[in-house]
Amino acid sequence: MSEPHAYPYWRSPPGVRRDFIDGRHGQLHYRIARPARPTRAPLLCFHQSPGSSRMFARFLAAMGTDRLALAADTIGFGESDPPPEPKEVEDFAAAMVDLLDALGLTTVDLMGMHTGSKVAVEVANQRPDRVRRLVLIAAPVFTAEELATFRHEYGGVPMVEDGSFYKGRWDMYVRYRGPHMDTDLLQREMAESVRAGERYTWGHRAAFNYPFGDRIKNLDKKVLVLNTEDDLVVQTRRAKDYMRDGRIVELPADRFGHGMLDADTAAIVDIVRPFLDDPVAPAIADPSAALRQLIASPARAPGFVRRAFADQRWGQLHYRSCEPLRPTKRPLICLHASPLSGKSFATIMPLLAQDRVVLAPDTAGFGESDPPPTPVEIADYAEVLSDFILKRGHTDVDLFGFHTGSLLAVEIALRVPGLVNRLVLYSAPVFSEPELAEFREHYTPVAFTEDGMHNVKRWQSFWRWRGPGQTVWMYANQFAETLRWGPMYSWGHAAVFRHPFATRLGQLENPILVLNPEDDIHEHTKRAAPLLKNGRVHPLPGFGHGMMDTRAPEIAALMRGFLDG
C-alpha cells in the first residue's frame, strides 16, 4: 500500500481544477486555480510540444493564490480536440483567444514554455489590447541552418511493432532533462508527449514555421525571458536583439532546466511574481463574465462526444457523453478496462447514442479522473460511479462493462437495487486461484529505469494481445492511456484480482449479454456461462482487442438488439 497522496507529480494539486470550453476545433481543455478574491491580473500559461498543461499544475497552485492562474492544452494535445490537419502557431493562438472570450478575461498576463512561448507572443500580437506582460521560458530565434537541423531532429520517427518508439521518446527527454528531473517526472512528461498519437510532431512543425523574431519585434509589452541550459539556450540569447522592452535572465544550469516547474516550483514563482506584480496590477472586476463567442464549434454538433467533469470523493471525475436531441431509451453507462479510460468508447458512443444518452466516465485514478489516496477495491470504484450516475438524475440505466468495467457493472447493479436494468459485459473473466496468482505477478508495478526500457517491455507485453484490424498507431493511442497514471496504473488490476467476481456475478438476476471476443481472457470468460441466471455468453470469433474501433457498427448493432429487447 502506498502512503496517502503519494506520487505528487501524478496528482492534481489542491485548488487546481480542470474544465472545457467549446472552441473552433471542438473542446479545449484547461486547468485553473481560482482564489476567492483575485487582486492581480489573470495569468494564462501555454505548454511545450508535444506535452500538455499538466506541466504547469503545481505552478498554477502556487501562483493562483491572488490571481486566476490557468494553463490550456494546445489544440490537438492533452485533452484538447485536434484540428483536421496540421495548423500553425497563429491557429494555436486564435484558439487561445477563444478561451479568453469564453472566460471573459479582458486583461491577462501570458507565460509560455518553448512552443508555448511562441503561442504567447502570437496571442499578444493578435490581441495586444488584452495582454499586459509576458514570461517566456525560452525565446528561440533560429538561423536557417538551425531550423533545418531542428526540423530533422524533431520530425518524428515511425511507430513500429517492437516498441522502440518509446525508447526514442524517453532518450529525448533524458538528453535535455533538468538537474532535478527524476525518472518519475521523466516518465510523466514522456507519457504526456505520446498522448497526441500520430499528431505528436504537429506542435514542433508549427513552432519551426513561426517567424518568432519578427513577431516579438512587434510587441510593446514588457517581456521576461528565462533561459535555461536546454536545447534552446543559444537561440534564446539572440532574443535580446529583437525585444523592445524585454530582458533575459540566465538561470543557473545546476538548478534549473526541464522539469523545474515541478521540481523547483517555489523558485520559479519567486522569479515570476516580482515581474508580474510590479507595478501592482488592477483587480479584475468580473473575470467570470463571458464575452460573446461568435465561433461555430464542432462541439455543438449532433453526435459529438463531449467531455466534462463532475465532483467525486477523491477530486474530479472526468466523463464523456453523447446525447440525441430526443432520447427515448434508457441511458447507457460505459465502464472501461484497466488501465485505460472512457476514450475506449469514443468511436462506438455515437452509434449507440442515436436514441439514448450514452456516458463513459473515467474510473477514479484513470484517464483524467483524480485518483484515491491509496489503492482501493472494486466496491469503492463502483460506489463512486454509482454516485455519479445518481447525481445526474438517472434512476433506470443499462450498463456496458469492458474487462474491469464488467466487474464494476456487476458491482453497481448489486449495490444499488433497481438502478440497473440490462448489462452488456465485454468479457466476464472467472479466474482460478493459480491463474490469479500468475496475474498478480504479471501486473505488479514496474520500476522506472534510467534507460527507459520499462516502457518498451510494457509495450511488448501488451502488444501480443493486439486485436485484428488494429493498426500500430491505433494500438499506440490505446497504449498511451495506460501510461497516464504512472506508478498507480496497476491499482485497477490489483482490485480486480482481489474481487470475488464469480460469486457476485452469480447473484445477479438482470438480463445479461456477455460478449466473448478472442482476446487474452477468452477462455476465462467461457466459465461465466453456468453462473448466469438470466443471460448468455455470445462468442465473437475473429474479434479481439480494439473491436469497439475496428468493428464498431457490428458491436453497436448487437448491443442495441439486446438492450432494446
# chains A, B, ... in the order shown; residues from 1 in each chain; ligands from 1
>>> select_by_dssp(residues="segment 93-189 of chain A", states="strand (DSSP E or B)", output="list in words")
Val108, Asp109, Leu110, Met111, Gly112, Met113, Val131, Arg132, Arg133, Leu134, Val135, Leu136, Ile137 and Arg177 of chain A
>>> write_last_selection(atoms="C-alpha atoms", output="PDB file, in the first residue's frame")
ATOM      1  CA  VAL A 108      -4.183  38.874 -18.910  1.00  0.00           C
ATOM      2  CA  ASP A 109      -0.526  38.124 -18.425  1.00  0.00           C
ATOM      3  CA  LEU A 110       0.868  35.272 -20.520  1.00  0.00           C
ATOM      4  CA  MET A 111       3.515  32.651 -19.849  1.00  0.00           C
ATOM      5  CA  GLY A 112       4.848  30.094 -22.298  1.00  0.00           C
ATOM      6  CA  MET A 113       7.480  27.399 -22.491  1.00  0.00           C
ATOM      7  CA  VAL A 131      -2.290  41.242 -22.977  1.00  0.00           C
ATOM      8  CA  ARG A 132      -0.283  43.055 -20.283  1.00  0.00           C
ATOM      9  CA  ARG A 133       3.046  41.212 -19.768  1.00  0.00           C
ATOM     10  CA  LEU A 134       4.754  38.038 -20.965  1.00  0.00           C
ATOM     11  CA  VAL A 135       7.044  35.497 -19.297  1.00  0.00           C
ATOM     12  CA  LEU A 136       8.809  33.185 -21.747  1.00  0.00           C
ATOM     13  CA  ILE A 137      10.782  30.078 -20.811  1.00  0.00           C
ATOM     14  CA  ARG A 177      16.493  16.676 -18.587  1.00  0.00           C
TER      15      ARG A 177
END
>>> closest_atom_pairs(of="segment 35-93 of chain A", to="segment 299-309 of chain A", cutoff="10 Å", atoms="only C-alpha atoms", output="Markdown table")
| residue | atom | partner | partner_atom | distance |
| --- | --- | --- | --- | --- |
| A:Glu79 | CA | A:Arg307 | CA | 9.1 |
| A:Ser80 | CA | A:Arg307 | CA | 10.0 |
| A:Asp81 | CA | A:Ala299 | CA | 9.2 |
>>> atom_distance(atom1="atom CA of Asn510 of chain A", atom2="atom CA of Arg422 of chain A")
5.9 Å
>>> closest_residue(among="A:His545, A:Lys118, A:Arg326, A:Arg392", to="Pro211 of chain A", atoms="only C-alpha atoms")
A:Lys118
>>> residues_around(residues="Ala253 of chain A", least_positions_apart="2", cutoff="12 Å", atoms="only C-alpha atoms", output="list in words")
Tyr176, Arg177, Gly178, Pro179, His180, Leu226, Asn227, Thr228, Glu229, Asp230, Val233, Glu250, Leu251, Arg255, Phe256, Gly257, His258 and Met260 of chain A
>>> closest_residue(among="A:Ala6, A:Leu147, A:Ile216, A:Ile75", to="Leu232 of chain A", atoms="only C-alpha atoms")
A:Leu147
>>> residues_around(residues="Thr115 of chain A", least_positions_apart="3", cutoff="7 Å", atoms="only C-alpha atoms", output="PDB file with C-alpha atoms, in the first residue's frame")
ATOM      1  CA  HIS A  47       2.977  24.319 -22.631  1.00  0.00           C
ATOM      2  CA  GLN A  48       5.782  22.992 -24.793  1.00  0.00           C
ATOM      3  CA  SER A  49       5.234  20.466 -27.595  1.00  0.00           C
ATOM      4  CA  LYS A 118       5.568  31.342 -29.444  1.00  0.00           C
ATOM      5  CA  VAL A 119       1.869  30.888 -28.732  1.00  0.00           C
ATOM      6  CA  ALA A 207       6.976  26.109 -33.945  1.00  0.00           C
TER       7      ALA A 207
END
>>> select_by_dssp(residues="segment 168-318 of chain A", states="alpha helix (DSSP H)", output="ChimeraX atom specification")
/A:168-175,183-193,202-209,212-217,233-237,260-263,265-276
>>> write_last_selection(atoms="C-alpha atoms", output="PDB file, in the first residue's frame")
ATOM      1  CA  GLY A 168      13.380   7.130 -28.571  1.00  0.00           C
ATOM      2  CA  ARG A 169      10.900   9.419 -26.807  1.00  0.00           C
ATOM      3  CA  TRP A 170      12.469   8.588 -23.427  1.00  0.00           C
ATOM      4  CA  ASP A 171      16.003   9.223 -24.685  1.00  0.00           C
ATOM      5  CA  MET A 172      14.994  12.648 -25.995  1.00  0.00           C
ATOM      6  CA  TYR A 173      13.704  13.665 -22.569  1.00  0.00           C
ATOM      7  CA  VAL A 174      16.816  12.270 -20.874  1.00  0.00           C
ATOM      8  CA  ARG A 175      19.089  14.213 -23.234  1.00  0.00           C
ATOM      9  CA  THR A 183      12.711   9.219 -13.502  1.00  0.00           C
ATOM     10  CA  ASP A 184       9.221   9.714 -12.072  1.00  0.00           C
ATOM     11  CA  LEU A 185       8.926  13.158 -13.662  1.00  0.00           C
ATOM     12  CA  LEU A 186      10.610  11.959 -16.857  1.00  0.00           C
ATOM     13  CA  GLN A 187       8.011   9.217 -17.132  1.00  0.00           C
ATOM     14  CA  ARG A 188       5.115  11.611 -16.642  1.00  0.00           C
ATOM     15  CA  GLU A 189       6.341  14.046 -19.279  1.00  0.00           C
ATOM     16  CA  MET A 190       7.118  11.253 -21.737  1.00  0.00           C
ATOM     17  CA  ALA A 191       3.632   9.831 -21.138  1.00  0.00           C
ATOM     18  CA  GLU A 192       2.056  13.231 -21.864  1.00  0.00           C
ATOM     19  CA  SER A 193       4.127  13.555 -25.047  1.00  0.00           C
ATOM     20  CA  TRP A 202       2.412  18.886 -35.251  1.00  0.00           C
ATOM     21  CA  GLY A 203       3.453  21.261 -32.480  1.00  0.00           C
ATOM     22  CA  HIS A 204       7.132  21.219 -33.428  1.00  0.00           C
ATOM     23  CA  ARG A 205       6.248  21.656 -37.084  1.00  0.00           C
ATOM     24  CA  ALA A 206       4.256  24.780 -36.258  1.00  0.00           C
ATOM     25  CA  ALA A 207       6.976  26.109 -33.945  1.00  0.00           C
ATOM     26  CA  PHE A 208       9.673  25.858 -36.623  1.00  0.00           C
ATOM     27  CA  ASN A 209       7.417  27.574 -39.179  1.00  0.00           C
ATOM     28  CA  PHE A 212       9.401  34.354 -33.869  1.00  0.00           C
ATOM     29  CA  GLY A 213      11.953  37.132 -34.214  1.00  0.00           C
ATOM     30  CA  ASP A 214       9.714  39.226 -36.451  1.00  0.00           C
ATOM     31  CA  ARG A 215       6.665  38.716 -34.240  1.00  0.00           C
ATOM     32  CA  ILE A 216       8.345  39.558 -30.934  1.00  0.00           C
ATOM     33  CA  LYS A 217       9.698  42.769 -32.543  1.00  0.00           C
ATOM     34  CA  VAL A 233      19.791  28.053 -24.798  1.00  0.00           C
ATOM     35  CA  VAL A 234      21.882  29.516 -27.652  1.00  0.00           C
ATOM     36  CA  GLN A 235      18.912  30.522 -29.786  1.00  0.00           C
ATOM     37  CA  THR A 236      17.207  32.197 -26.806  1.00  0.00           C
ATOM     38  CA  ARG A 237      20.147  34.532 -26.173  1.00  0.00           C
ATOM     39  CA  MET A 260      11.798  22.940 -12.966  1.00  0.00           C
ATOM     40  CA  LEU A 261       8.107  23.916 -12.816  1.00  0.00           C
ATOM     41  CA  ASP A 262       7.535  20.722 -10.819  1.00  0.00           C
ATOM     42  CA  ALA A 263      10.868  20.132  -9.133  1.00  0.00           C
ATOM     43  CA  THR A 265       8.205  25.396  -8.235  1.00  0.00           C
ATOM     44  CA  ALA A 266       8.817  27.894  -5.429  1.00  0.00           C
ATOM     45  CA  ALA A 267      11.996  29.233  -7.048  1.00  0.00           C
ATOM     46  CA  ILE A 268      10.233  29.881 -10.366  1.00  0.00           C
ATOM     47  CA  VAL A 269       7.362  31.579  -8.554  1.00  0.00           C
ATOM     48  CA  ASP A 270       9.884  33.813  -6.765  1.00  0.00           C
ATOM     49  CA  ILE A 271      11.267  34.893 -10.157  1.00  0.00           C
ATOM     50  CA  VAL A 272       7.952  35.352 -11.947  1.00  0.00           C
ATOM     51  CA  ARG A 273       5.919  37.073  -9.228  1.00  0.00           C
ATOM     52  CA  PRO A 274       8.028  40.245  -8.865  1.00  0.00           C
ATOM     53  CA  PHE A 275       7.931  40.772 -12.628  1.00  0.00           C
ATOM     54  CA  LEU A 276       4.157  40.364 -12.913  1.00  0.00           C
TER      55      LEU A 276
END
>>> atom_distance(atom1="atom CA of Ala382 of chain A", atom2="atom CA of Ala409 of chain A")
7.7 Å
>>> residues_around(residues="Pro42 of chain A", least_positions_apart="3", cutoff="6 Å", atoms="only C-alpha atoms", output="number ranges by chain")
A: 67-69, 108
>>> write_last_selection(atoms="C-alpha atoms", output="mmCIF file, in the first residue's frame")
data_model
loop_
_atom_site.group_PDB
_atom_site.id
_atom_site.type_symbol
_atom_site.label_atom_id
_atom_site.label_comp_id
_atom_site.auth_asym_id
_atom_site.auth_seq_id
_atom_site.Cartn_x
_atom_site.Cartn_y
_atom_site.Cartn_z
ATOM 1 C CA ARG A 67 -4.992 35.766 -9.303
ATOM 2 C CA LEU A 68 -6.688 33.417 -11.706
ATOM 3 C CA ALA A 69 -3.914 31.101 -12.890
ATOM 4 C CA VAL A 108 -4.183 38.874 -18.910
#
>>> residues_around(residues="Gln126 of chain A", least_positions_apart="5", cutoff="9 Å", atoms="only C-alpha atoms", output="list in words")
Glu90, Ala93, Ala94, Val97 and Val121 of chain A
>>> closest_residue(among="A:Leu352, A:Val420, A:Val160, A:Leu99", to="Trp459 of chain A", atoms="only C-alpha atoms")
A:Val160
